[in-house]
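The structure file protein_14.cif is reproduced below (mmCIF, C-alpha atoms and all ligand atoms).
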data_my_file
loop_
_atom_site.label_atom_id
_atom_site.label_comp_id
_atom_site.auth_asym_id
_atom_site.auth_seq_id
_atom_site.Cartn_x
_atom_site.Cartn_y
_atom_site.Cartn_z
CA MET J 10 0.00 0.00 0.00
CA ALA J 11 1.25 3.47 -0.87
CA THR J 12 1.59 5.86 2.07
CA THR J 13 0.94 8.92 -0.05
CA ILE J 14 0.29 9.50 -3.71
CA THR J 15 1.86 12.80 -4.48
CA ASP J 16 2.81 11.95 -8.05
CA SER J 17 0.78 14.56 -9.88
CA GLN J 18 1.48 12.77 -13.22
CA LYS J 19 -0.70 9.84 -12.23
CA PRO J 20 -4.48 10.09 -12.03
CA PHE J 21 -5.79 9.76 -8.47
CA SER J 22 -7.33 6.34 -7.85
CA LEU J 23 -8.90 4.50 -4.91
CA ASP J 24 -7.01 1.28 -5.74
CA PRO J 25 -4.20 1.55 -3.17
CA TYR J 26 -6.52 2.25 -0.23
CA HIS J 27 -8.50 -1.01 0.24
CA VAL J 28 -11.75 0.69 -0.71
CA SER J 29 -14.27 -1.60 -2.37
CA GLU J 30 -16.19 -0.55 -5.52
CA GLU J 31 -19.31 -2.13 -4.09
CA PHE J 32 -18.91 -1.51 -0.37
CA GLY J 33 -16.64 1.49 0.13
CA PHE J 34 -14.98 1.27 3.56
CA ILE J 35 -17.14 -1.72 4.60
CA LEU J 36 -15.17 -4.99 4.71
CA PRO J 37 -16.60 -7.11 1.85
CA ALA J 38 -17.86 -10.57 2.90
CA PRO J 39 -16.40 -10.70 6.44
CA LEU J 40 -15.59 -14.20 7.70
CA ALA J 41 -17.95 -15.60 10.33
CA GLU J 42 -15.58 -18.32 11.58
CA LEU J 43 -11.87 -18.59 12.38
CA PRO J 44 -9.71 -21.73 11.85
CA PRO J 45 -10.71 -24.43 14.42
CA TYR J 46 -7.62 -23.75 16.59
CA TYR J 47 -9.27 -20.43 17.59
CA GLN J 48 -12.56 -22.01 18.68
CA PRO J 49 -11.91 -21.13 22.37
CA TRP J 50 -12.10 -17.44 21.35
CA MET J 51 -15.19 -17.82 19.20
CA ASP J 52 -16.99 -19.92 21.84
CA ILE J 53 -16.74 -16.97 24.21
CA ALA J 54 -17.12 -14.13 21.68
CA GLN J 55 -20.36 -15.58 20.33
CA HIS J 56 -21.83 -15.76 23.84
CA VAL J 57 -20.54 -12.54 25.36
CA THR J 58 -24.02 -11.17 26.08
CA GLU J 59 -25.26 -14.24 28.00
CA LEU J 60 -21.95 -14.48 29.85
CA ILE J 61 -22.19 -10.83 30.92
CA TYR J 62 -25.76 -11.30 32.15
CA SER J 63 -24.74 -14.37 34.18
CA HIS J 64 -21.62 -12.51 35.51
CA MET J 65 -19.49 -15.37 34.13
CA LEU J 66 -17.59 -13.66 31.31
CA ARG J 67 -14.55 -12.69 33.36
CA SER J 68 -14.14 -16.19 34.79
CA HIS J 69 -14.49 -17.80 31.33
CA ILE J 70 -11.87 -15.43 29.90
CA LEU J 71 -9.48 -16.15 32.78
CA LYS J 72 -9.68 -19.87 31.90
CA MET J 73 -9.12 -19.33 28.19
CA PRO J 74 -5.86 -20.79 26.73
CA LEU J 75 -3.15 -18.40 25.50
CA LEU J 76 -3.26 -18.96 21.73
CA ASN J 77 -0.59 -18.31 19.12
CA THR J 78 -1.70 -15.67 16.60
CA GLN J 79 0.70 -16.80 13.85
CA LEU J 80 -1.91 -19.16 12.44
CA LEU J 81 -4.05 -16.18 11.44
CA GLU J 82 -3.13 -15.49 7.84
CA SER J 83 -5.56 -13.43 5.79
CA HIS J 84 -6.74 -9.88 6.40
CA ARG J 85 -10.29 -11.14 6.93
CA GLU J 86 -9.13 -13.66 9.55
CA LEU J 87 -7.31 -10.89 11.38
CA ARG J 88 -10.37 -8.62 11.24
CA LEU J 89 -12.64 -11.32 12.70
CA ALA J 90 -10.05 -12.11 15.38
CA HIS J 91 -9.86 -8.40 16.28
CA LEU J 92 -13.64 -8.15 16.43
CA ALA J 93 -13.94 -11.28 18.63
CA LEU J 94 -11.15 -10.18 21.01
CA SER J 95 -12.66 -6.66 21.11
CA VAL J 96 -16.12 -7.73 22.28
CA MET J 97 -14.50 -10.01 24.87
CA THR J 98 -12.41 -7.10 26.10
CA MET J 99 -15.34 -4.64 26.32
CA GLY J 100 -17.36 -7.29 28.18
CA TYR J 101 -14.46 -8.15 30.50
CA VAL J 102 -13.90 -4.51 31.48
CA TRP J 103 -17.56 -3.47 31.85
CA GLN J 104 -19.20 -6.73 33.05
CA GLU J 105 -20.03 -5.23 36.46
CA GLY J 106 -20.73 -1.67 35.30
CA GLU J 107 -18.79 1.45 36.17
CA ASP J 108 -18.41 0.71 39.89
CA ASP J 109 -16.43 -2.50 39.60
CA THR J 110 -14.09 -2.12 36.65
CA VAL J 111 -10.73 -3.87 36.28
CA LYS J 112 -7.22 -2.45 36.17
CA MET J 113 -5.76 -5.24 34.08
CA LEU J 114 -6.69 -7.27 31.03
CA PRO J 115 -5.39 -10.85 31.57
CA ARG J 116 -2.44 -11.98 29.44
CA ASN J 117 -4.29 -14.78 27.61
CA LEU J 118 -6.52 -12.05 26.12
CA ALA J 119 -4.15 -9.06 26.15
CA ILE J 120 -1.18 -10.67 24.36
CA PRO J 121 -2.99 -12.05 21.30
CA TYR J 122 -5.20 -8.94 21.16
CA CYS J 123 -2.19 -6.61 20.97
CA GLU J 124 -0.46 -8.87 18.40
CA VAL J 125 -3.52 -8.89 16.14
CA SER J 126 -4.00 -5.14 16.64
CA GLN J 127 -0.41 -4.47 15.67
CA ARG J 128 -0.68 -6.53 12.49
CA LEU J 129 -3.82 -4.63 11.46
CA GLY J 130 -2.61 -1.21 12.60
CA LEU J 131 -5.69 -0.86 14.82
CA PRO J 132 -5.72 -0.07 18.57
CA PRO J 133 -6.53 -2.87 21.07
CA ILE J 134 -10.11 -1.69 21.72
CA LEU J 135 -13.45 -2.06 19.91
CA THR J 136 -13.51 0.37 16.97
CA HIS J 137 -16.02 1.37 14.29
CA ALA J 138 -13.93 -0.76 11.90
CA ASP J 139 -14.75 -3.81 14.06
CA ALA J 140 -18.29 -3.32 15.33
CA VAL J 141 -19.73 -1.92 12.09
CA LEU J 142 -17.46 -2.46 9.08
CA ALA J 143 -16.47 -6.09 9.82
CA ASN J 144 -19.47 -7.31 11.83
CA TRP J 145 -22.11 -8.30 9.27
CA ARG J 146 -23.43 -11.16 7.21
CA LYS J 147 -26.43 -11.65 4.96
CA ARG J 148 -28.98 -14.18 6.19
CA ASP J 149 -29.81 -15.06 2.59
CA PRO J 150 -26.54 -14.65 0.64
CA GLN J 151 -28.49 -13.91 -2.55
CA GLY J 152 -30.79 -11.46 -0.76
CA LEU J 153 -30.62 -7.68 -0.42
CA PHE J 154 -28.22 -5.67 1.72
CA ASP J 155 -31.00 -4.30 3.92
CA MET J 156 -32.20 -4.35 7.53
CA GLU J 157 -34.32 -7.46 7.05
CA ASN J 158 -31.49 -9.51 5.58
CA LEU J 159 -28.53 -8.35 7.68
CA GLU J 160 -27.25 -9.97 10.85
CA LEU J 161 -24.40 -9.24 13.27
CA LEU J 162 -21.54 -11.74 13.67
CA VAL J 163 -21.06 -10.91 17.34
CA THR J 164 -23.11 -8.73 19.64
CA LEU J 165 -23.18 -7.02 23.03
CA PRO J 166 -25.97 -6.46 25.60
CA GLY J 167 -28.96 -4.47 24.31
CA GLY J 168 -30.86 -7.03 22.17
CA ASP J 169 -32.42 -5.80 18.91
CA SER J 170 -31.23 -2.25 19.55
CA VAL J 171 -27.59 -3.38 19.22
CA ARG J 172 -28.30 -4.92 15.84
CA GLY J 173 -30.24 -1.77 14.90
CA PHE J 174 -27.44 0.55 15.98
CA PHE J 175 -24.62 -1.25 14.14
CA MET J 176 -26.69 -2.12 11.07
CA VAL J 177 -28.14 1.37 10.54
CA THR J 178 -24.60 2.72 10.79
CA LEU J 179 -23.57 0.10 8.21
CA LEU J 180 -26.36 1.31 5.91
CA VAL J 181 -25.06 4.89 6.29
CA GLU J 182 -21.64 3.59 5.17
CA LEU J 183 -23.25 1.84 2.20
CA ALA J 184 -25.23 4.93 1.20
CA ALA J 185 -21.93 6.82 1.05
CA VAL J 186 -20.34 4.53 -1.56
CA PRO J 187 -21.26 6.72 -4.61
CA ALA J 188 -19.75 9.72 -2.79
CA ILE J 189 -16.48 7.85 -2.18
CA LYS J 190 -16.39 6.79 -5.84
CA SER J 191 -16.84 10.37 -7.00
CA ILE J 192 -13.77 11.56 -5.04
CA PRO J 193 -11.20 10.54 -7.73
CA LEU J 194 -13.42 12.09 -10.42
CA VAL J 195 -13.43 15.39 -8.52
CA ILE J 196 -9.69 15.33 -7.83
CA ASN J 197 -8.73 14.37 -11.40
CA GLY J 198 -11.23 16.88 -12.82
CA VAL J 199 -9.61 19.64 -10.76
CA GLN J 200 -6.15 18.49 -11.90
CA CYS J 201 -7.16 18.78 -15.59
CA GLY J 202 -9.24 21.93 -15.16
CA ASP J 203 -12.36 20.03 -16.31
CA ALA J 204 -15.19 21.97 -14.63
CA GLU J 205 -17.94 19.90 -16.25
CA THR J 206 -16.65 16.57 -14.89
CA VAL J 207 -16.17 18.09 -11.44
CA THR J 208 -19.73 19.46 -11.50
CA ARG J 209 -21.21 16.07 -12.41
CA ALA J 210 -19.13 14.29 -9.76
CA LEU J 211 -20.18 16.80 -7.11
CA GLU J 212 -23.84 16.24 -8.04
CA GLU J 213 -23.34 12.50 -7.41
CA PHE J 214 -21.57 13.38 -4.18
CA SER J 215 -24.39 15.53 -2.78
CA GLN J 216 -27.02 12.93 -3.67
CA ALA J 217 -25.06 10.31 -1.75
CA ILE J 218 -24.88 12.55 1.34
CA GLN J 219 -28.68 12.90 1.15
CA GLY J 220 -28.83 9.07 1.06
CA MET J 221 -26.70 8.92 4.20
CA THR J 222 -29.09 11.26 6.05
CA ASP J 223 -32.05 9.14 4.91
CA ALA J 224 -30.31 5.99 6.19
CA LEU J 225 -29.50 7.69 9.51
CA LYS J 226 -33.24 8.30 10.00
CA LEU J 227 -33.66 4.53 10.45
CA MET J 228 -31.93 4.86 13.84
CA HIS J 229 -35.28 6.00 15.25
CA VAL J 230 -36.99 2.87 13.90
CA TYR J 231 -34.50 0.25 15.01
CA VAL J 232 -32.90 1.58 18.21
CA LYS J 233 -34.62 2.39 21.51
CA PRO J 234 -33.02 5.48 23.12
CA GLU J 235 -33.36 4.15 26.67
CA VAL J 236 -31.67 0.88 25.68
CA PHE J 237 -28.88 2.69 23.86
CA TYR J 238 -28.30 5.06 26.76
CA GLY J 239 -29.01 2.77 29.70
CA ILE J 240 -27.54 -0.53 28.50
CA MET J 241 -25.45 -0.40 25.34
CA ARG J 242 -23.37 2.70 25.72
CA ILE J 243 -21.10 1.51 28.49
CA TYR J 244 -19.89 -1.44 26.38
CA LEU J 245 -18.76 0.97 23.67
CA SER J 246 -16.88 3.23 26.06
CA GLY J 247 -13.14 3.25 26.50
CA TRP J 248 -10.45 3.93 29.07
CA LYS J 249 -9.27 7.37 28.10
CA ASP J 250 -10.78 10.50 29.66
CA ASN J 251 -13.17 8.20 31.53
CA SER J 252 -13.43 8.92 35.27
CA SER J 253 -14.42 5.33 36.07
CA MET J 254 -11.07 4.14 34.66
CA PRO J 255 -8.84 7.16 35.32
CA ALA J 256 -5.57 5.24 35.02
CA GLY J 257 -6.42 3.40 31.80
CA LEU J 258 -5.92 -0.35 31.44
CA VAL J 259 -2.86 -2.58 31.84
CA TYR J 260 -2.56 -5.11 29.03
CA GLU J 261 -0.84 -7.88 31.04
CA GLY J 262 2.22 -9.40 29.41
CA VAL J 263 2.40 -6.56 26.88
CA GLN J 264 3.41 -3.51 28.88
CA ALA J 265 3.59 -2.80 32.61
CA GLU J 266 2.19 0.74 32.31
CA PRO J 267 -1.53 1.21 31.70
CA MET J 268 -2.65 2.27 28.23
CA GLU J 269 -5.51 4.66 27.40
CA TYR J 270 -7.84 4.23 24.45
CA SER J 271 -11.06 5.97 23.45
CA GLY J 272 -14.23 3.93 22.98
CA GLY J 273 -15.94 3.12 19.69
CA SER J 274 -17.69 5.91 17.78
CA ALA J 275 -18.68 6.69 14.20
CA ALA J 276 -16.30 9.66 14.57
CA GLN J 277 -13.89 6.83 13.60
CA SER J 278 -15.68 6.34 10.27
CA SER J 279 -13.44 7.59 7.46
CA LEU J 280 -16.37 9.05 5.51
CA LEU J 281 -16.76 12.53 6.95
CA HIS J 282 -13.00 12.90 7.35
CA CYS J 283 -12.66 12.36 3.56
CA PHE J 284 -15.56 14.72 2.81
CA ASP J 285 -14.12 17.48 5.02
CA GLU J 286 -10.72 17.21 3.34
CA LEU J 287 -12.28 17.26 -0.12
CA LEU J 288 -14.58 20.23 0.54
CA GLY J 289 -11.99 22.14 2.56
CA VAL J 290 -13.71 22.11 5.99
CA LYS J 291 -11.22 23.42 8.56
CA HIS J 292 -11.97 22.40 12.13
CA GLU J 293 -11.41 24.47 15.25
CA ALA J 294 -8.29 23.44 17.21
CA LYS J 295 -9.80 21.31 20.00
CA SER J 296 -12.47 19.47 17.99
CA GLY J 297 -9.98 19.14 15.12
CA ALA J 298 -7.45 17.54 17.46
CA PHE J 299 -10.07 15.01 18.62
CA LEU J 300 -11.09 14.17 15.05
CA THR J 301 -7.45 13.81 13.99
CA ARG J 302 -6.84 11.47 16.94
CA MET J 303 -9.81 9.37 15.81
CA ARG J 304 -7.94 8.64 12.56
CA ASN J 305 -5.62 6.38 14.58
CA TYR J 306 -8.67 4.15 15.17
CA MET J 307 -9.17 3.50 11.45
CA PRO J 308 -7.61 0.86 9.19
CA PRO J 309 -4.28 2.48 8.11
CA SER J 310 -5.14 2.40 4.39
CA HIS J 311 -8.34 4.39 5.04
CA LYS J 312 -6.46 6.89 7.20
CA CYS J 313 -3.95 7.20 4.37
CA LEU J 314 -6.73 8.02 1.88
CA ILE J 315 -7.86 10.93 4.07
CA GLN J 316 -4.30 12.17 4.26
CA ASP J 317 -3.81 11.92 0.49
CA ILE J 318 -7.06 13.78 -0.26
CA SER J 319 -5.77 16.58 1.97
CA LEU J 320 -2.62 16.84 -0.18
CA GLN J 321 -4.50 17.47 -3.45
CA PRO J 322 -5.00 20.90 -4.99
CA SER J 323 -7.90 22.70 -3.32
CA LEU J 324 -11.37 22.00 -4.75
CA ARG J 325 -12.71 25.10 -3.05
CA GLY J 326 -9.95 27.19 -4.67
CA PHE J 327 -10.84 25.66 -8.07
CA VAL J 328 -14.52 26.52 -7.62
CA GLN J 329 -13.64 30.10 -6.70
CA GLN J 330 -11.24 30.47 -9.58
CA GLN J 331 -13.58 29.00 -12.23
CA ALA J 332 -16.49 31.23 -11.13
CA CYS J 333 -18.80 28.97 -13.14
CA GLU J 334 -22.42 28.95 -12.00
CA PRO J 335 -23.29 25.20 -12.25
CA LEU J 336 -19.98 24.25 -10.60
CA THR J 337 -20.50 26.72 -7.74
CA ALA J 338 -24.08 25.49 -7.27
CA ALA J 339 -22.96 21.83 -7.21
CA PHE J 340 -20.25 22.63 -4.65
CA GLN J 341 -22.66 24.66 -2.49
CA LEU J 342 -25.17 21.80 -2.58
CA CYS J 343 -22.53 19.39 -1.25
CA VAL J 344 -21.84 21.73 1.67
CA THR J 345 -25.59 22.18 2.28
CA LYS J 346 -26.12 18.41 2.36
CA LEU J 347 -23.14 17.83 4.67
CA LEU J 348 -24.43 20.54 6.97
CA ALA J 349 -27.89 18.93 6.96
CA LEU J 350 -26.37 15.52 7.75
CA ARG J 351 -24.48 17.01 10.71
CA SER J 352 -27.58 18.85 11.93
CA TYR J 353 -29.65 15.69 11.69
CA HIS J 354 -26.95 13.78 13.57
CA ILE J 355 -27.15 16.38 16.35
CA ASN J 356 -30.89 15.63 16.61
CA VAL J 357 -30.13 11.92 16.85
CA VAL J 358 -27.57 12.52 19.60
CA SER J 359 -30.05 14.69 21.48
CA ARG J 360 -32.70 11.95 21.33
CA PHE J 361 -30.29 9.13 22.23
CA ILE J 362 -28.11 10.85 24.83
CA THR J 363 -29.27 14.30 25.99
CA VAL J 364 -32.91 13.38 26.67
CA PRO J 365 -32.25 10.04 28.44
CA ALA J 366 -29.39 11.67 30.41
CA ALA J 367 -31.80 14.35 31.65
CA ARG J 368 -34.30 11.68 32.67
CA ALA J 369 -31.61 9.71 34.53
CA ARG J 370 -30.52 12.89 36.36
CA GLN J 371 -34.10 13.70 37.26
CA LEU J 372 -34.63 10.21 38.72
CA ARG J 373 -31.38 10.50 40.67
CA ASN J 374 -32.26 13.91 42.08
CA GLN J 375 -35.60 12.53 43.21
CA GLY J 376 -33.72 9.72 44.95
CA ASN J 377 -35.62 7.37 42.68
CA ILE J 378 -33.01 5.04 41.18
CA SER J 379 -35.43 2.50 39.88
CA GLN J 380 -34.08 -0.47 37.96
CA GLU J 381 -37.45 -0.52 36.20
CA GLU J 382 -36.33 2.54 34.29
CA THR J 383 -33.64 1.42 31.87
CA VAL J 384 -31.99 4.88 31.78
CA SER J 385 -31.18 4.55 35.51
CA ARG J 386 -28.72 1.76 34.71
CA ALA J 387 -26.51 4.11 32.69
CA PRO J 388 -23.08 4.96 34.10
CA THR J 389 -22.96 8.49 35.51
CA ALA J 390 -19.34 9.00 34.37
CA LEU J 391 -20.46 9.10 30.73
CA GLU J 392 -23.62 11.15 31.06
CA GLU J 393 -23.28 13.81 28.35
CA LYS J 394 -19.63 13.18 27.66
CA GLY J 395 -18.51 11.84 24.35
CA THR J 396 -15.60 9.62 23.38
CA GLY J 397 -13.35 12.66 23.73
CA GLY J 398 -14.42 13.12 27.34
CA SER J 399 -15.83 16.63 26.96
CA GLY J 400 -19.29 18.07 26.26
CA ILE J 401 -20.83 16.33 23.27
CA MET J 402 -23.13 19.06 22.05
CA SER J 403 -20.60 21.89 22.05
CA PHE J 404 -18.21 19.61 20.13
CA LEU J 405 -20.80 18.61 17.53
CA LYS J 406 -22.06 22.17 17.08
CA THR J 407 -18.53 23.51 16.60
CA VAL J 408 -17.90 20.87 13.97
CA ARG J 409 -21.17 21.76 12.22
CA ASP J 410 -20.47 25.50 12.35
CA ARG J 411 -17.04 25.02 10.81
CA THR J 412 -18.73 23.12 7.97
CA ARG J 413 -20.91 26.17 7.38
CA ASP J 414 -17.81 28.37 7.06
CA VAL J 415 -16.92 26.69 3.74
CA PHE J 416 -19.86 28.51 2.14
CA ASN J 417 -17.96 31.73 2.16
CA LEU J 418 -16.39 31.50 -1.29
CA LYS J 419 -15.37 35.15 -1.47
C1 LIG W 501 -27.73 6.57 18.04
C2 LIG W 501 -26.87 6.95 17.11
C3 LIG W 501 -25.69 7.83 17.33
C4 LIG W 501 -25.27 8.46 18.47
C5 LIG W 501 -25.91 8.45 19.84
C6 LIG W 501 -24.05 9.16 18.13
C7 LIG W 501 -23.29 9.89 19.04
C8 LIG W 501 -22.17 10.60 18.73
C9 LIG W 501 -21.37 11.34 19.67
C10 LIG W 501 -21.64 11.39 21.16
C11 LIG W 501 -20.36 11.93 19.02
C12 LIG W 501 -19.30 12.83 19.62
C13 LIG W 501 -17.95 12.24 19.54
C14 LIG W 501 -17.83 10.98 20.34
O1 LIG W 501 -18.26 10.93 21.50
O2 LIG W 501 -17.29 10.01 19.80
C15 LIG W 501 -20.50 11.55 17.64
C16 LIG W 501 -19.67 11.96 16.65
C17 LIG W 501 -19.81 11.58 15.36
N1 LIG W 501 -20.74 10.71 14.84
FE1 LIG W 501 -22.28 9.88 15.80
N2 LIG W 501 -23.76 8.97 16.81
C18 LIG W 501 -24.73 8.15 16.30
C19 LIG W 501 -24.78 7.67 15.01
C20 LIG W 501 -23.91 8.01 14.02
C21 LIG W 501 -23.93 7.48 12.69
C22 LIG W 501 -24.88 6.42 12.16
C23 LIG W 501 -22.94 8.11 12.02
C24 LIG W 501 -22.58 7.90 10.58
C25 LIG W 501 -21.67 7.07 10.16
C26 LIG W 501 -22.28 9.01 12.93
C27 LIG W 501 -21.20 9.80 12.62
C28 LIG W 501 -20.53 10.60 13.51
C29 LIG W 501 -19.40 11.44 13.13
C30 LIG W 501 -18.82 11.57 11.74
C31 LIG W 501 -18.97 12.06 14.29
C32 LIG W 501 -17.81 13.07 14.42
C33 LIG W 501 -18.36 14.49 14.35
C34 LIG W 501 -18.56 14.98 12.93
O3 LIG W 501 -17.70 14.75 12.08
O4 LIG W 501 -19.62 15.63 12.71
N3 LIG W 501 -22.89 8.92 14.14
N4 LIG W 501 -21.61 10.74 17.49
#
Just give me the structure of the file as structure tokens.
Amino acid sequence: MATTITDSQKPFSLDPYHVSEEFGFILPAPLAELPPYYQPWMDIAQHVTELIYSHMLRSHILKMPLLNTQLLESHRELRLAHLALSVMTMGYVWQEGEDDTVKMLPRNLAIPYCEVSQRLGLPPILTHADAVLANWRKRDPQGLFDMENLELLVTLPGGDSVRGFFMVTLLVELAAVPAIKSIPLVINGVQCGDAETVTRALEEFSQAIQGMTDALKLMHVYVKPEVFYGIMRIYLSGWKDNSSMPAGLVYEGVQAEPMEYSGGSAAQSSLLHCFDELLGVKHEAKSGAFLTRMRNYMPPSHKCLIQDISLQPSLRGFVQQQACEPLTAAFQLCVTKLLALRSYHINVVSRFITVPAARARQLRNQGNISQEETVSRAPTALEEKGTGGSGIMSFLKTVRDRTRDVFNLK
């Protein structure tokens, strides 16, 4: 894989970046099984939810043999191994909630997990690349890629809402594929000064962003906010900027000092990072630093694509310089659609985090911590904090407002 393509003689292409024509950043046809030697992992990974509910996951993991990772050969084997070890790790850490966490991940899990992570260039924690991009299969292989026909390979507590959450996010990734495919057309069109090709590619691009917003709307159909907030969220959270694990986590047998990693979030999806670089969105320092850090949670080839888009001649500069009405309109429509996607996402976050967090606080203030109310089970450390540890809404609104700034073409 190329690290950067700066050779301006060659047309820009998606080939070096492990991006699929059909699936974009989604891993095509993920494996559902590992070679038989790894069955002890899969036996636990496929039953993580039941083992958490029976408080037996930690003891099962402690009894697991230490396996040699050298028998994992293909990229897809490594991705399934990472996914399986990730759900085990999230379950091991959070089995007893925020009040009884662990300081150390046992060596029989930590050592192979870090080896597999290193080979993939991913961190040893559950990422978007695991839970969404590599965690799907079709029930009927000939059937459609839609909610009815998609299933998770491994899951976490939260029942149908977990499937809904990961699968709707997967459908957002799928809806984005035409936008990803139009990126080389835009870049090469700018290189050759071909305003007409760039205009057409940007029209494709904006339509795809509309498709992503439409797919995101399905979150309300398939995910219950109280289940997301009260049950699922803790299993996605990490050990960086998290007051219930202030020191991070020791990966036994790997390193004596604790390590800190952020939890899983679609801020780790490469999509909007690519779009921002293409359209010229410049983020404010603090939110920009968080988003840049999230790139270390992506498959390296996808991170590299973002980087290489950022090195291309400016699309925004080209649009300004051409001063051609259809091109300007097509560019403006892309920014409008990206802004609308971010605004809609803010609504989703309000419904799935802000509102249930307020309800949980209200119950707590009334001294009414009823287990009947699912939101009461949520960890207080997370409340309205995001993966980055600070206020979610101010972060998301800053990011949205910086998107709006691109409009100013003067
Ligand atoms: C119930 C559904 C969702 C919730 C509750 C949610 C929550 C959040 C939160 C709290 C953040 C702040 C950063 C962080 O804590 O990691 C965030 C960021 C982000 N989320 Fe979501 N999210 C949801 C669905 C999605 C989906 C389906 C996508 C699309 C792939 C997405 C894309 C993003 C992006 C790109 C960011 C970074 C900020 C930006 O670039 O605008 N989210 N999300």
### Task
Point out the residue among J:Thr98, J:Thr78, J:Thr389, J:Ser68 with the least atom-to-atom distance to Leu258 in chain J, counting only C-alpha atoms.
J:Thr98
### Task
Kindly indicate which residue among J:Ala54, J:Met156, J:Leu66, J:Ile355 lies nearest to ligand LIG 501 (chain W), using all atoms listed in the file for the distances.
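Checking each of J:Ala54, J:Met156, J:Leu66, J:Ile355 against ligand LIG 501 (chain W), counting all atoms listed in the file, the winner is J:Ile355.
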### Message
Nearest residue to Gly262 in chain J out of J:Phe214, J:Phe237, J:Tyr122, J:Tyr244, using only C-alpha atoms?
### Response
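Smallest separation from Gly262 in chain J among the options: J:Tyr122.
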### Summary
The distance between CA of Phe21 in chain J and CA of Gly33 in chain J is 16.1 Å
### Exercise answer, 7 Å around ligand LIG 501 (chain W) with all atoms listed in the file, as a PyMOL selection string
chain J and resi 174+177-178+181-182+225+228+274-276+278+281-282+300+351+354+357-358+361-362+394-397+401+404-405+408-409
#### Entry: Ala204 in chain J surroundings by only C-alpha atoms, 12 Å radius, close-in-sequence under 5 positions cut, as JSON, numbers by chain
{"J": [194, 195, 196, 197, 198, 199, 209, 210, 211, 324, 327, 328, 329, 330, 331, 332, 333, 334, 335, 336, 337, 339, 340]}
### Query
Which residue, J:Val171, J:Leu129, J:Val102, J:Met73, has the smallest gap to Met307 in chain J when you use only C-alpha atoms?
J:Leu129
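Computed from the coordinates, the CA of Lys112 in chain J to CA of Tyr47 in chain J distance equals 25.9 Å.
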### Message
Need the shell around Ser252 in chain J: protein/DNA/RNA residues with any atom at most 12 Å away, counting only C-alpha atoms. Skip same-chain ones fewer than 2 positions apart. Format as a VMD selection string?
### Response
chain J and resid 107 to 108 110 246 to 250 254 to 257 269 388 to 392 394 398 to 399
### Query
Which residue, J:Thr345, J:Ser126, J:Ser95, J:Ser323, has the smallest gap to Gln219 in chain J when you use only C-alpha atoms?
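Smallest separation from Gln219 in chain J among the options: J:Thr345.
Using all atoms listed in the file, the nearest neighbour of Leu348 in chain J within the list J:Ile218, J:Leu87, J:Val384, J:Ala188 is J:Ile218.
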Under the rule of at most 12 Å, produce a per-residue listing of range 113-168 of chain J near range 34-46 of chain J: chain, number, name, the closest pair of atoms, and the distance in Å, as a Markdown table, using all atoms listed in the file.
| residue | atom | partner | partner_atom | distance |
| --- | --- | --- | --- | --- |
| J:His137 | CA | J:Ile35 | CA | 10.2 |
| J:Ala138 | CA | J:Ile35 | CA | 8.0 |
| J:Asp139 | CA | J:Leu36 | CA | 9.4 |
| J:Ala140 | CA | J:Ile35 | CA | 10.9 |
| J:Val141 | CA | J:Ile35 | CA | 7.9 |
| J:Leu142 | CA | J:Ile35 | CA | 4.6 |
| J:Ala143 | CA | J:Leu36 | CA | 5.4 |
| J:Asn144 | CA | J:Pro39 | CA | 7.1 |
| J:Trp145 | CA | J:Pro39 | CA | 6.8 |
| J:Arg146 | CA | J:Ala38 | CA | 7.1 |
| J:Lys147 | CA | J:Ala38 | CA | 8.9 |
| J:Arg148 | CA | J:Ala41 | CA | 11.9 |
| J:Pro150 | CA | J:Ala38 | CA | 9.9 |
| J:Phe154 | CA | J:Ala38 | CA | 11.5 |
| J:Leu159 | CA | J:Ala38 | CA | 11.9 |
| J:Glu160 | CA | J:Ala41 | CA | 10.9 |
| J:Leu161 | CA | J:Ala41 | CA | 9.5 |
| J:Leu162 | CA | J:Ala41 | CA | 6.2 |
| J:Val163 | CA | J:Ala41 | CA | 9.0 |
### Message
I'd like the interatomic distance between CA of Arg360 in chain J and CA of Ser253 in chain J, to a tenth of an Å.
### Response
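Rounded to one decimal, the two atoms are 24.4 Å apart.
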So for range 324-343 of chain J, what box centre and size do we get, axis-aligned, 6 Å extra on each of the six sides, every listed atom, Å to one decimal, as AutoDock Vina command-line options?
--center_x -17.6 --center_y 25.3 --center_z -7.2 --size_x 27.2 --size_y 23.8 --size_z 23.9
### Message
Would you pick out the contacts of Tyr26 in chain J at 12 Å or less, using only C-alpha atoms, so that residues sharing its chain but fewer than 2 positions from it are not included, and give the list as a list in words?
### Response
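Using only C-alpha atoms, the neighbours found are Met10, Ala11, Thr12, Thr13, Ile14, Phe21, Ser22, Leu23, Asp24, Val28, Ser29, Glu30, Gly33, Phe34, Ile189, Ser279, Pro308, Pro309, Ser310, His311, Lys312, Cys313, Leu314, Ile315, Gln316, Asp317 and Ile318 of chain J.
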### Task
Can you pull out every residue within 9 Å of Ala119 in chain J, counting only C-alpha atoms, but drop anything in the same chain fewer than 2 positions away, and send it as a list of chain:residue names?
J:Leu94, J:Thr98, J:Met113, J:Leu114, J:Pro115, J:Arg116, J:Asn117, J:Pro121, J:Tyr122, J:Cys123, J:Glu124, J:Pro133, J:Val259, J:Tyr260, J:Glu261, J:Gly262, J:Val263
I'd like the contact shell of Leu245 in chain J - 8 Å cut-off, all atoms listed in the file, skipping same-chain residues fewer than 2 positions apart - returned as a short mmCIF file (atom, residue, chain, number, x, y, z; two decimals) with C-alpha atoms, keeping the file's coordinate frame.
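What landed in part_31.cif:
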data_model
loop_
_atom_site.label_atom_id
_atom_site.label_comp_id
_atom_site.auth_asym_id
_atom_site.auth_seq_id
_atom_site.Cartn_x
_atom_site.Cartn_y
_atom_site.Cartn_z
CA MET J 99 -15.34 -4.64 26.32
CA LEU J 135 -13.45 -2.06 19.91
CA MET J 241 -25.45 -0.40 25.34
CA ARG J 242 -23.37 2.70 25.72
CA ILE J 243 -21.10 1.51 28.49
CA GLY J 247 -13.14 3.25 26.50
CA GLY J 272 -14.23 3.93 22.98
CA GLY J 273 -15.94 3.12 19.69
CA SER J 274 -17.69 5.91 17.78
#
